[in-house]
Amino acid sequence: MLPQLHRHAWMDSEIEAFREQVRRYVAAEFSPKLDDWRRQGYIPRETWRPFGDMGFLLPEMEEAYGGAGANLAYQLVVQDELTQAEMPVNIAVHTIASHYILACGTETQKQRWLPKLTNGEMLAAIAMTEPGCGSDLKAIATRARRDGDHYVIDGAKTFITNGHTSNLLIVVARTGEAGARGLSLFVLETENLPGFRVGRLLEKIGMEASDTAELFFDGVRVPADQLLGGIEGEGFKQLMGQLPYERMLIAVPAAATIDRALELTIDYTKQRKAFGGTLFDMQTTRHKLAELATIAHVVRTLVNDCIQRLLDGKLDDEAAYMAKWWCTEQQCRVTDECLQLFGGYGYMAEYPIARMYAASRVQKIYGGANEVLKDLISRKL
């Protein structure tokens with residue numbers, strides 16, 4: 001779809017070759033299984049091991065920890081290609097968790113977990129949201145109490161992506177006073193962990209193949225050396241340290257969804273017969289598609305600019321917030337307008353546009369609700 005409009009300086013020949021490798025792998029190994037994964041409500045964890053062996057899971061990870069040492073654009077290309085194939089957000093969460101360990105962990109912690117996260121032996125999740133706490137992280141109630149050379153964790157989490165399939169979990173828990181200064185992050189290896197329980201798989205209106213679960217911690221004993229970074233009270237700062245990159249992990253899929261939705265809709269309208277011609281022959285249809293193509297171009301231009309600034313170390317928090325909220329708003333608008341052009345077929349779950357429409361809605365909620373991000377932007381005005 002208008003590829004000449006989407007070119008940017010960071011898209012060199014090596015990254016384009018990498019993109020093509022990812023695209024071929026996803027088409028051959030993931031797409032044929034996606035319907036089954038949707039029906040069962042999760043993607044099996046073992047799916048990601050060969051993906052990691054191919055170097056696609058965490059290409060940006062340092063060579064010392066099993067990666068290729070590529071720049072962050074490579075991971076964002078992976079997210080782009082997964083999204084265009086309708087794959088859900090599981091690996092975006094995995095990479096965020098991995099980057100917490102890379103940025104904040106002790107060297108022993110990095111050596112212990114990062115190679116397994118890079119090759120797909122471990123799949124990561126982040127246990128942040130609670131039944132009574134979403135974007136307001138300062139209100140987290142899950143508590144970790146020091147007991148000798150262990151911490152004891154009690155609490156509950158909800159809406160946890162990869163909660164059912166992950167075997168490494170970063171848990172946000174309160175180790176001190178109320179507010180941001182009392183939060184810490186713990187890294188848990190969850191297989192056969194006493195006191196840890198995965199609740200029901202939550203049924204969503206979209207992204208059915210992405211497992212979203214409730215998690216419960218009832219006196220879970222965690223060795224003290226699994227406190228991320230080894231210092232209590234650093235959790236809020238650790239969570240905030242990766243914000244620009246994390247927002248791009250949402251903005252890039254927004255752009256990818258817009259491009260794919262528009263591509264499908266243009267193709268459909270050129271084939272759909274209506275009133276003696278095709279739907280595309282109608283001026284109202286062409287004008288609508290022109291509007292959507294313009295939105296797609298502006299979204300990609302913004303996203304590509306932010307990627308370049310991220311690679312240059314110049315992407316500030318506010319610009320990343322802007323990209324996240326605005327691109328996801330446009331994603332929801334474009335998928336809605338495209339679905340309308342499909343008519344009744346667009347409302348049928350067997351059509352990709354229907355699934356993309358449903359999956360898009362959550363983009364305005366997770367990763368910081370758009371209303372919260374607008375408020376954060378306004379504080380710098």
# chains A, B, ... in the order shown; residues from 1 in each chain; ligands from 1
$ residues_around --residues "stretch 121-132 of chain A" --least-positions-apart "4" --cutoff "10 Å" --atoms "only C-alpha atoms" --output "MDAnalysis selection string"
chainID A and resid 45:46 48:50 52:53 90:98 100 113:117 136:137 139:142 155:173 185:189 214:215 239 366
$ write_last_selection --atoms "C-alpha atoms" --output "PDB file, in the first residue's frame"
ATOM      1  CA  ARG A  45       4.743 -21.545  24.667  1.00  0.00           C
ATOM      2  CA  GLU A  46       6.819 -23.996  22.621  1.00  0.00           C
ATOM      3  CA  TRP A  48       8.309 -19.378  20.348  1.00  0.00           C
ATOM      4  CA  ARG A  49      11.389 -21.596  20.748  1.00  0.00           C
ATOM      5  CA  PRO A  50      12.093 -22.020  16.999  1.00  0.00           C
ATOM      6  CA  GLY A  52      13.934 -17.551  19.021  1.00  0.00           C
ATOM      7  CA  ASP A  53      16.346 -19.983  17.386  1.00  0.00           C
ATOM      8  CA  ASN A  90       2.425 -11.660  23.264  1.00  0.00           C
ATOM      9  CA  ILE A  91       5.956 -10.963  22.069  1.00  0.00           C
ATOM     10  CA  ALA A  92       5.664  -7.231  22.692  1.00  0.00           C
ATOM     11  CA  VAL A  93       5.103  -8.058  26.361  1.00  0.00           C
ATOM     12  CA  HIS A  94       7.950 -10.580  26.283  1.00  0.00           C
ATOM     13  CA  THR A  95      10.397  -8.010  24.958  1.00  0.00           C
ATOM     14  CA  ILE A  96       9.306  -5.360  27.483  1.00  0.00           C
ATOM     15  CA  ALA A  97       9.906  -7.785  30.347  1.00  0.00           C
ATOM     16  CA  SER A  98      13.273  -8.754  28.904  1.00  0.00           C
ATOM     17  CA  TYR A 100      13.481  -4.562  32.327  1.00  0.00           C
ATOM     18  CA  TRP A 113      17.501 -15.199  32.474  1.00  0.00           C
ATOM     19  CA  LEU A 114      18.307 -13.246  29.299  1.00  0.00           C
ATOM     20  CA  PRO A 115      19.775 -16.106  27.208  1.00  0.00           C
ATOM     21  CA  LYS A 116      16.662 -18.214  27.896  1.00  0.00           C
ATOM     22  CA  LEU A 117      14.378 -15.309  27.037  1.00  0.00           C
ATOM     23  CA  ASP A 136      -2.450   4.222  38.579  1.00  0.00           C
ATOM     24  CA  LEU A 137       0.559   2.097  39.536  1.00  0.00           C
ATOM     25  CA  ALA A 139      -2.200   2.164  44.046  1.00  0.00           C
ATOM     26  CA  ILE A 140      -0.756  -1.358  43.726  1.00  0.00           C
ATOM     27  CA  ALA A 141      -1.693  -3.487  46.731  1.00  0.00           C
ATOM     28  CA  THR A 142       0.183  -6.766  46.104  1.00  0.00           C
ATOM     29  CA  GLY A 155      -1.899 -10.510  46.210  1.00  0.00           C
ATOM     30  CA  ALA A 156      -3.709 -10.847  42.900  1.00  0.00           C
ATOM     31  CA  LYS A 157      -3.216  -9.592  39.359  1.00  0.00           C
ATOM     32  CA  THR A 158      -5.582  -9.476  36.406  1.00  0.00           C
ATOM     33  CA  PHE A 159      -5.590  -8.903  32.626  1.00  0.00           C
ATOM     34  CA  ILE A 160      -2.085 -10.395  32.421  1.00  0.00           C
ATOM     35  CA  THR A 161      -0.959 -11.060  28.850  1.00  0.00           C
ATOM     36  CA  ASN A 162       0.968 -14.365  28.656  1.00  0.00           C
ATOM     37  CA  GLY A 163      -0.375 -15.089  32.140  1.00  0.00           C
ATOM     38  CA  HIS A 164      -1.395 -18.616  31.133  1.00  0.00           C
ATOM     39  CA  THR A 165       1.629 -19.575  29.009  1.00  0.00           C
ATOM     40  CA  SER A 166       4.595 -17.718  30.516  1.00  0.00           C
ATOM     41  CA  ASN A 167       7.145 -19.368  32.780  1.00  0.00           C
ATOM     42  CA  LEU A 168       8.947 -16.179  33.805  1.00  0.00           C
ATOM     43  CA  LEU A 169       7.008 -13.432  35.491  1.00  0.00           C
ATOM     44  CA  ILE A 170       7.980  -9.914  36.510  1.00  0.00           C
ATOM     45  CA  VAL A 171       5.779  -9.010  39.460  1.00  0.00           C
ATOM     46  CA  VAL A 172       5.165  -5.470  40.658  1.00  0.00           C
ATOM     47  CA  ALA A 173       4.746  -5.588  44.438  1.00  0.00           C
ATOM     48  CA  LEU A 185       9.974  -5.660  40.880  1.00  0.00           C
ATOM     49  CA  PHE A 186      10.535  -9.383  41.379  1.00  0.00           C
ATOM     50  CA  VAL A 187      11.441 -11.990  38.775  1.00  0.00           C
ATOM     51  CA  LEU A 188       9.665 -15.315  39.328  1.00  0.00           C
ATOM     52  CA  GLU A 189      10.211 -18.632  37.618  1.00  0.00           C
ATOM     53  CA  GLU A 214      -5.824 -13.796  36.425  1.00  0.00           C
ATOM     54  CA  LEU A 215      -2.855 -14.579  38.699  1.00  0.00           C
ATOM     55  CA  LEU A 239       8.942   0.655  35.102  1.00  0.00           C
ATOM     56  CA  TYR A 366      -3.256  -0.833  27.652  1.00  0.00           C
TER      57      TYR A 366
END
$ residues_around --residues "stretch 19-32 of chain A" --least-positions-apart "5" --cutoff "7 Å" --atoms "only C-alpha atoms" --output "compact mmCIF listing (two decimals) with N, CA and C atoms, in the first residue's frame"
# COMPACT_ATOMS: atom_id res chain seq x y z
N VAL A 77 10.32 -4.07 13.67
CA VAL A 77 9.96 -4.73 12.41
C VAL A 77 9.28 -6.07 12.68
N VAL A 78 9.77 -6.80 13.67
CA VAL A 78 9.10 -8.05 14.06
C VAL A 78 7.66 -7.77 14.48
N GLU A 81 5.46 -7.01 11.40
CA GLU A 81 5.10 -8.19 10.60
C GLU A 81 4.14 -9.11 11.35
N ALA A 85 0.08 -9.96 10.18
CA ALA A 85 -0.40 -11.34 10.05
C ALA A 85 -1.48 -11.66 11.08
$ select_by_dssp --residues "stretch 10-67 of chain A" --states "helix (DSSP H, G or I)" --output "PyMOL selection string"
chain A and resi 13-40+45-53+63-65
$ write_last_selection --atoms "C-alpha atoms" --output "short mmCIF file (atom, residue, chain, number, x, y, z; two decimals), in the first residue's frame"
data_model
loop_
_atom_site.label_atom_id
_atom_site.label_comp_id
_atom_site.auth_asym_id
_atom_site.auth_seq_id
_atom_site.Cartn_x
_atom_site.Cartn_y
_atom_site.Cartn_z
CA SER A 13 18.85 -3.16 2.99
CA GLU A 14 19.80 -5.35 5.95
CA ILE A 15 16.67 -4.56 7.89
CA GLU A 16 14.53 -5.05 4.80
CA ALA A 17 16.10 -8.49 4.27
CA PHE A 18 15.40 -9.28 7.93
CA ARG A 19 11.79 -8.13 7.49
CA GLU A 20 11.35 -10.49 4.55
CA GLN A 21 12.75 -13.41 6.56
CA VAL A 22 10.31 -12.71 9.40
CA ARG A 23 7.41 -12.35 6.98
CA ARG A 24 8.13 -15.70 5.32
CA TYR A 25 8.50 -17.47 8.65
CA VAL A 26 5.26 -16.03 10.04
CA ALA A 27 3.34 -16.95 6.88
CA ALA A 28 4.64 -20.52 6.91
CA GLU A 29 4.66 -21.33 10.63
CA PHE A 30 2.12 -19.08 12.36
CA SER A 31 -0.66 -18.11 9.98
CA PRO A 32 -1.86 -21.67 9.26
CA LYS A 33 -2.27 -22.32 13.01
CA LEU A 34 -3.81 -19.01 14.02
CA ASP A 35 -7.45 -20.12 13.81
CA ASP A 36 -6.74 -23.04 16.14
CA TRP A 37 -4.94 -20.76 18.57
CA ARG A 38 -7.90 -18.38 18.59
CA ARG A 39 -10.28 -21.21 19.41
CA GLN A 40 -8.18 -22.48 22.31
CA ARG A 45 4.74 -21.55 24.67
CA GLU A 46 6.82 -24.00 22.62
CA THR A 47 5.79 -22.07 19.50
CA TRP A 48 8.31 -19.38 20.35
CA ARG A 49 11.39 -21.60 20.75
CA PRO A 50 12.09 -22.02 17.00
CA PHE A 51 11.20 -18.34 16.52
CA GLY A 52 13.93 -17.55 19.02
CA ASP A 53 16.35 -19.98 17.39
CA GLU A 63 25.45 -10.85 22.01
CA ALA A 64 26.60 -11.64 25.55
CA TYR A 65 23.06 -12.76 26.31
#
$ residues_around --residues "A:Gly206" --least-positions-apart "3" --cutoff "9 Å" --atoms "only C-alpha atoms" --output "ChimeraX atom specification"
/A:203,209-210,355-362
$ write_last_selection --atoms "N, CA and C atoms" --output "short mmCIF file (atom, residue, chain, number, x, y, z; two decimals), in the first residue's frame"
data_model
loop_
_atom_site.label_atom_id
_atom_site.label_comp_id
_atom_site.auth_asym_id
_atom_site.auth_seq_id
_atom_site.Cartn_x
_atom_site.Cartn_y
_atom_site.Cartn_z
N GLU A 203 -12.04 -14.25 28.74
CA GLU A 203 -12.57 -14.18 27.38
C GLU A 203 -12.69 -12.73 26.96
N ALA A 209 -6.34 -15.15 20.43
CA ALA A 209 -5.19 -16.05 20.55
C ALA A 209 -4.19 -15.61 21.61
N SER A 210 -4.39 -14.41 22.13
CA SER A 210 -3.51 -13.91 23.19
C SER A 210 -4.09 -14.29 24.54
N ARG A 355 -12.05 -8.96 12.75
CA ARG A 355 -11.13 -9.29 13.85
C ARG A 355 -10.20 -8.12 14.16
N MET A 356 -9.75 -7.43 13.12
CA MET A 356 -8.88 -6.28 13.32
C MET A 356 -9.62 -5.15 14.04
N TYR A 357 -10.89 -4.97 13.70
CA TYR A 357 -11.72 -3.96 14.36
C TYR A 357 -11.82 -4.26 15.86
N ALA A 358 -12.12 -5.50 16.19
CA ALA A 358 -12.27 -5.87 17.60
C ALA A 358 -10.94 -5.79 18.35
N ALA A 359 -9.86 -6.22 17.70
CA ALA A 359 -8.55 -6.22 18.36
C ALA A 359 -8.02 -4.80 18.58
N SER A 360 -8.44 -3.87 17.73
CA SER A 360 -7.90 -2.51 17.80
C SER A 360 -8.33 -1.78 19.07
N ARG A 361 -9.49 -2.10 19.57
CA ARG A 361 -10.06 -1.29 20.65
C ARG A 361 -9.18 -1.24 21.90
N VAL A 362 -8.53 -2.35 22.22
CA VAL A 362 -7.74 -2.40 23.44
C VAL A 362 -6.47 -1.55 23.35
#
$ residues_around --residues "A:Lys270" --least-positions-apart "4" --cutoff "9 Å" --atoms "only C-alpha atoms" --output "number ranges by chain"
A: 265-266, 278-281
$ atom_distance --atom1 "atom CA of A:Leu292" --atom2 "atom CA of A:Glu208"
26.5 Å
$ select_by_dssp --residues "stretch 180-356 of chain A" --states "strand (DSSP E or B)" --output "number ranges by chain"
A: 183-189, 196-201, 212-223, 227, 273-274, 277-278
$ residues_around --residues "A:Ala70" --least-positions-apart "6" --cutoff "8 Å" --atoms "only C-alpha atoms" --output "list in words"
Pro59, Glu60, Met61 and Glu62 of chain A
$ write_last_selection --atoms "C-alpha atoms" --output "PDB file, in the first residue's frame"
ATOM      1  CA  PRO A  59      17.187  -9.625  17.875  1.00  0.00           C
ATOM      2  CA  GLU A  60      18.126  -6.486  19.795  1.00  0.00           C
ATOM      3  CA  MET A  61      19.508  -8.411  22.758  1.00  0.00           C
ATOM      4  CA  GLU A  62      23.229  -8.079  23.361  1.00  0.00           C
TER       5      GLU A  62
END
$ closest_residue --among "A:Val89, A:Met54, A:Val222, A:Ala320" --to "A:Gly66" --atoms "only C-alpha atoms"
A:Met54
$ atom_distance --atom1 "atom CA of A:Asp154" --atom2 "atom CA of A:Ser184"
13.6 Å
$ atom_distance --atom1 "atom CA of A:Ala323" --atom2 "atom CA of A:Ala251"
6.0 Å
$ closest_residue --among "A:Leu339, A:Leu227, A:Met87, A:Leu76" --to "A:Asp211" --atoms "only C-alpha atoms"
A:Met87
$ closest_residue --among "A:Gln363, A:Thr269, A:Gln226, A:Asn370" --to "A:Cys332" --atoms "only C-alpha atoms"
A:Gln363
$ residues_around --residues "stretch 295-308 of chain A" --least-positions-apart "4" --cutoff "10 Å" --atoms "only C-alpha atoms" --output "number ranges by chain"
A: 1-3, 5-11, 72-73, 76, 244-245, 248, 251-262, 289-291, 312-316, 319-320, 322-324, 326-328, 330-331, 333-334
$ residues_around --residues "A:Ile377" --least-positions-apart "2" --cutoff "8 Å" --atoms "only C-alpha atoms" --output "ChimeraX atom specification"
/A:318,321-322,373-375,379-381
$ write_last_selection --atoms "C-alpha atoms" --output "PDB file, in the first residue's frame"
ATOM      1  CA  GLU A 318       6.052  13.205  25.492  1.00  0.00           C
ATOM      2  CA  TYR A 321       2.993   9.402  24.432  1.00  0.00           C
ATOM      3  CA  MET A 322       1.736  11.423  21.471  1.00  0.00           C
ATOM      4  CA  LEU A 373      -1.132   9.888  28.342  1.00  0.00           C
ATOM      5  CA  LYS A 374      -2.865  13.118  27.273  1.00  0.00           C
ATOM      6  CA  ASP A 375      -2.707  14.335  30.852  1.00  0.00           C
ATOM      7  CA  ARG A 379       1.911  18.745  32.103  1.00  0.00           C
ATOM      8  CA  LYS A 380       4.776  19.758  29.812  1.00  0.00           C
ATOM      9  CA  LEU A 381       2.802  22.338  27.830  1.00  0.00           C
TER      10      LEU A 381
END
